[in-house]
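As provided, protein.cif (mmCIF, C-alpha atoms) reads as follows.
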data_data
loop_
_atom_site.label_atom_id
_atom_site.label_comp_id
_atom_site.auth_asym_id
_atom_site.auth_seq_id
_atom_site.Cartn_x
_atom_site.Cartn_y
_atom_site.Cartn_z
CA MET A 1 -9.66 -18.21 -2.88
CA ALA A 2 -7.10 -16.00 -4.63
CA ALA A 3 -9.49 -15.41 -7.55
CA ILE A 4 -12.22 -14.26 -5.17
CA ASN A 5 -9.78 -11.86 -3.48
CA ILE A 6 -8.71 -10.44 -6.84
CA ILE A 7 -12.33 -9.91 -7.95
CA ALA A 8 -13.27 -8.31 -4.62
CA ALA A 9 -10.18 -6.10 -4.73
CA PHE A 10 -10.96 -5.00 -8.27
CA CYS A 11 -14.50 -4.08 -7.23
CA LEU A 12 -13.15 -2.08 -4.30
CA LEU A 13 -10.75 -0.22 -6.57
CA LEU A 14 -13.48 0.58 -9.07
CA SER A 15 -15.75 1.90 -6.35
CA SER A 16 -13.07 4.08 -4.78
CA CYS A 17 -13.02 7.84 -5.22
CA ILE A 18 -9.87 7.88 -7.37
CA ASN A 19 -10.46 9.07 -10.92
CA SER A 20 -9.10 6.32 -13.17
CA ASP A 21 -8.02 8.87 -15.82
CA ASP A 22 -5.48 10.23 -13.34
CA ILE A 23 -3.88 6.86 -12.52
CA VAL A 24 -0.36 6.50 -13.91
CA TYR A 25 0.63 3.24 -12.19
CA THR A 26 -0.97 0.59 -10.01
CA ASP A 27 0.42 -2.63 -8.57
CA PHE A 28 -0.86 -4.95 -5.85
CA GLN A 29 1.09 -7.77 -4.27
CA SER A 30 -0.50 -10.53 -2.27
CA VAL A 31 0.68 -11.43 1.20
CA ASP A 32 1.10 -15.09 2.12
CA GLU A 33 -2.17 -16.25 3.69
CA ASP A 34 -0.19 -18.25 6.28
CA GLY A 35 1.15 -14.94 7.62
CA TRP A 36 3.41 -12.03 6.75
CA VAL A 37 6.83 -12.57 8.33
CA ASN A 38 8.43 -9.37 9.63
CA ASN A 39 11.61 -9.56 7.52
CA GLN A 40 9.74 -10.31 4.29
CA TYR A 41 9.75 -7.15 2.15
CA ILE A 42 7.19 -6.37 -0.51
CA GLU A 43 8.93 -4.50 -3.32
CA PHE A 44 7.67 -2.14 -5.98
CA GLN A 45 10.00 -0.89 -8.73
CA LEU A 46 8.22 1.79 -10.64
CA ASP A 47 10.18 2.17 -13.85
CA SER A 48 7.06 3.00 -15.88
CA VAL A 49 6.42 6.27 -14.02
CA VAL A 50 9.90 7.68 -14.39
CA ASN A 51 10.07 10.97 -16.30
CA GLN A 52 6.32 11.48 -16.48
CA GLN A 53 7.06 15.23 -16.70
CA ALA A 54 4.37 15.76 -14.08
CA ASP A 55 4.12 15.69 -10.34
CA VAL A 56 2.38 12.66 -8.88
CA ASP A 57 0.76 11.50 -5.65
CA VAL A 58 1.85 8.12 -4.27
CA LEU A 59 -0.91 6.20 -2.48
CA LEU A 60 -0.52 3.12 -0.30
CA VAL A 61 -3.38 0.62 -0.26
CA VAL A 62 -3.76 -2.00 2.48
CA ARG A 63 -6.32 -4.76 1.98
CA TYR A 64 -7.09 -6.76 5.07
CA SER A 65 -9.65 -9.18 6.43
CA GLU A 66 -11.69 -9.44 9.59
CA GLY A 67 -9.01 -11.81 10.87
CA TYR A 68 -6.55 -8.97 11.42
CA ASP A 69 -6.21 -8.63 15.21
CA TYR A 70 -4.80 -5.13 15.67
CA GLU A 71 -5.97 -1.49 15.43
CA SER A 72 -3.13 -0.46 13.17
CA LEU A 73 -0.39 -1.77 10.94
CA CYS A 74 3.15 -0.53 11.48
CA LEU A 75 5.23 -0.62 8.29
CA VAL A 76 8.93 -0.17 7.68
CA LYS A 77 9.29 1.82 4.46
CA GLU A 78 12.48 1.85 2.43
CA GLU A 79 12.29 4.21 -0.47
CA ILE A 80 14.73 5.10 -3.23
CA VAL A 81 13.58 8.32 -4.88
CA SER A 82 16.60 8.71 -7.15
CA THR A 83 19.59 6.46 -7.70
CA CYS A 84 21.44 7.94 -4.73
CA ASP A 85 18.67 9.00 -2.32
CA VAL A 86 17.61 6.20 0.05
CA LYS A 87 15.09 6.98 2.81
CA THR A 88 13.97 4.63 5.57
CA ASP A 89 11.01 5.42 7.77
CA THR A 90 8.22 3.78 9.74
CA ILE A 91 4.57 4.54 9.13
CA GLU A 92 1.43 3.53 10.96
CA ILE A 93 -1.79 2.79 9.10
CA ARG A 94 -4.98 2.69 11.18
CA LEU A 95 -7.20 -0.26 10.29
CA ALA A 96 -9.69 -0.22 13.19
CA ASP A 97 -11.05 2.26 15.70
CA SER A 98 -10.48 1.99 19.45
CA ASP A 99 -13.59 -0.22 19.77
CA GLY A 100 -12.20 -2.71 17.26
CA ARG A 101 -14.53 -1.74 14.38
CA LEU A 102 -12.71 -2.02 11.07
CA ILE A 103 -12.40 1.22 9.17
CA GLY A 104 -12.00 1.67 5.46
CA ARG A 105 -14.18 0.49 2.62
CA GLY A 106 -15.16 -3.10 2.44
CA GLN A 107 -17.57 -5.93 1.94
CA ASN A 108 -17.68 -9.68 2.38
CA GLY A 109 -14.99 -9.57 5.06
CA LEU A 110 -12.37 -7.79 2.91
CA TYR A 111 -11.53 -4.17 3.72
CA GLU A 112 -9.33 -1.55 2.09
CA VAL A 113 -7.63 1.55 3.47
CA VAL A 114 -5.88 4.07 1.22
CA ASP A 115 -3.28 6.44 2.65
CA THR A 116 -1.12 9.05 0.94
CA LEU A 117 2.64 8.49 1.09
CA HIS A 118 3.55 11.51 -1.05
CA ARG A 119 1.81 14.49 -2.59
CA ASN A 120 3.26 16.44 -5.46
CA LEU A 121 6.31 14.19 -5.97
CA ARG A 122 8.49 14.52 -9.05
CA ILE A 123 10.07 11.20 -10.06
CA ASN A 124 13.07 12.02 -12.21
CA ASP A 125 15.23 8.97 -12.74
CA TYR A 126 14.26 6.12 -10.41
CA TYR A 127 11.70 5.15 -7.79
CA SER A 128 11.61 2.02 -5.67
CA LEU A 129 9.54 1.23 -2.59
CA SER A 130 9.98 -1.70 -0.20
CA LEU A 131 7.65 -2.41 2.71
CA ALA A 132 7.86 -4.85 5.60
CA HIS A 133 5.68 -4.97 8.67
CA GLY A 134 7.15 -3.61 11.86
CA MET A 135 4.77 -5.24 14.30
CA ARG A 136 6.01 -6.91 17.49
CA GLU A 137 4.82 -10.31 16.31
CA LYS A 138 7.18 -12.21 14.03
CA SER A 139 4.31 -13.14 11.71
CA ILE A 140 0.93 -11.46 11.30
CA LYS A 141 -2.24 -12.75 9.67
CA GLY A 142 -5.14 -10.91 8.08
CA ILE A 143 -3.26 -8.67 5.65
CA ASN A 144 -4.26 -9.78 2.15
CA ASP A 145 -2.59 -7.33 -0.24
CA ILE A 146 -0.37 -4.29 -0.26
CA GLY A 147 -0.69 -1.97 -3.22
CA ILE A 148 0.67 1.22 -4.68
CA ILE A 149 -1.30 3.64 -6.80
CA ILE A 150 0.43 6.56 -8.46
CA LYS A 151 -1.81 9.24 -9.84
CA LYS A 152 -1.33 12.62 -11.43
CA HIS A 153 -1.25 15.38 -8.87
CA ASN A 154 -4.24 17.70 -9.29
#

Would you write the structure of this file as structure tokens?
Amino acid sequence: MAAINIIAAFCLLLSSCINSDDIVYTDFQSVDEDGWVNNQYIEFQLDSVVNQQADVDVLLVVRYSEGYDYESLCLVKEEIVSTCDVKTDTIEIRLADSDGRLIGRGQNGLYEVVDTLHRNLRINDYYSLSLAHGMREKSIKGINDIGIIIKKHN
């Protein structure tokens, strides 16, 4: 099952509108198929993009299945932009319209939504991002992967 998800996810990424020449960093982390517990953080430490000498855009990718029961996904975002600058925020990612139709690109029951976290960000010495869901339920099902794409700002 995991291999099928990886292949489908790769196909979705290839078919997306992001120019692969501009991608500086990409990482996807799978969510437990038994459910994502609300205090379980997904962490990205982006050492490889430090000091790129260019401004970047940080994109959040949510891959989800038809089994996700809600219109949106509320995330708690903890971000360290430099070694002494910690920011915590909540963000809401829409995954379905008000009629329950899933939005985003997808096929074979797996969908993907890409949202911009930052535009024109300069990463000087350190960047770390941690995400947990902030839904009312303790555990949610239907979220397959959470990913980060960092691309050159054009």

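Distances to A:Asp125 were evaluated for A:Leu46, A:Ile140, A:Ile91, A:Leu102 using all atoms listed in the file, and the minimum falls at A:Leu46.
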
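Picture a line from atom CA of A:Ser130 to atom CA of A:Leu117; it runs 12.6 Å.
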
Margin query: the PyMOL selection byres ((chain A and resi 100) around 12) - which residues does that actually catch in the file I just gave you? List them as a PyMOL selection string.
Written below: chain A and resi 66-72+94-99+101-103

Next item on the list: List the neighbours of A:Thr90 out to 7 Å using only C-alpha atoms; skip same-chain residues closer than 3 positions along the sequence, and give me the result as an NGL selection string.
Entry: :A and (74-77)

Notebook entry, point to check: Which one is closest to A:Glu33: A:Tyr127, A:Tyr64, A:Gly134, A:Gln45? Count all atoms listed in the file.
Noted result: A:Tyr64

Next item on the list: Given the file shown, enumerate the residues that the PyMOL selection byres ((chain A and resi 148-153) around 8) captures and present them as a count of residues only.
Entry: 21
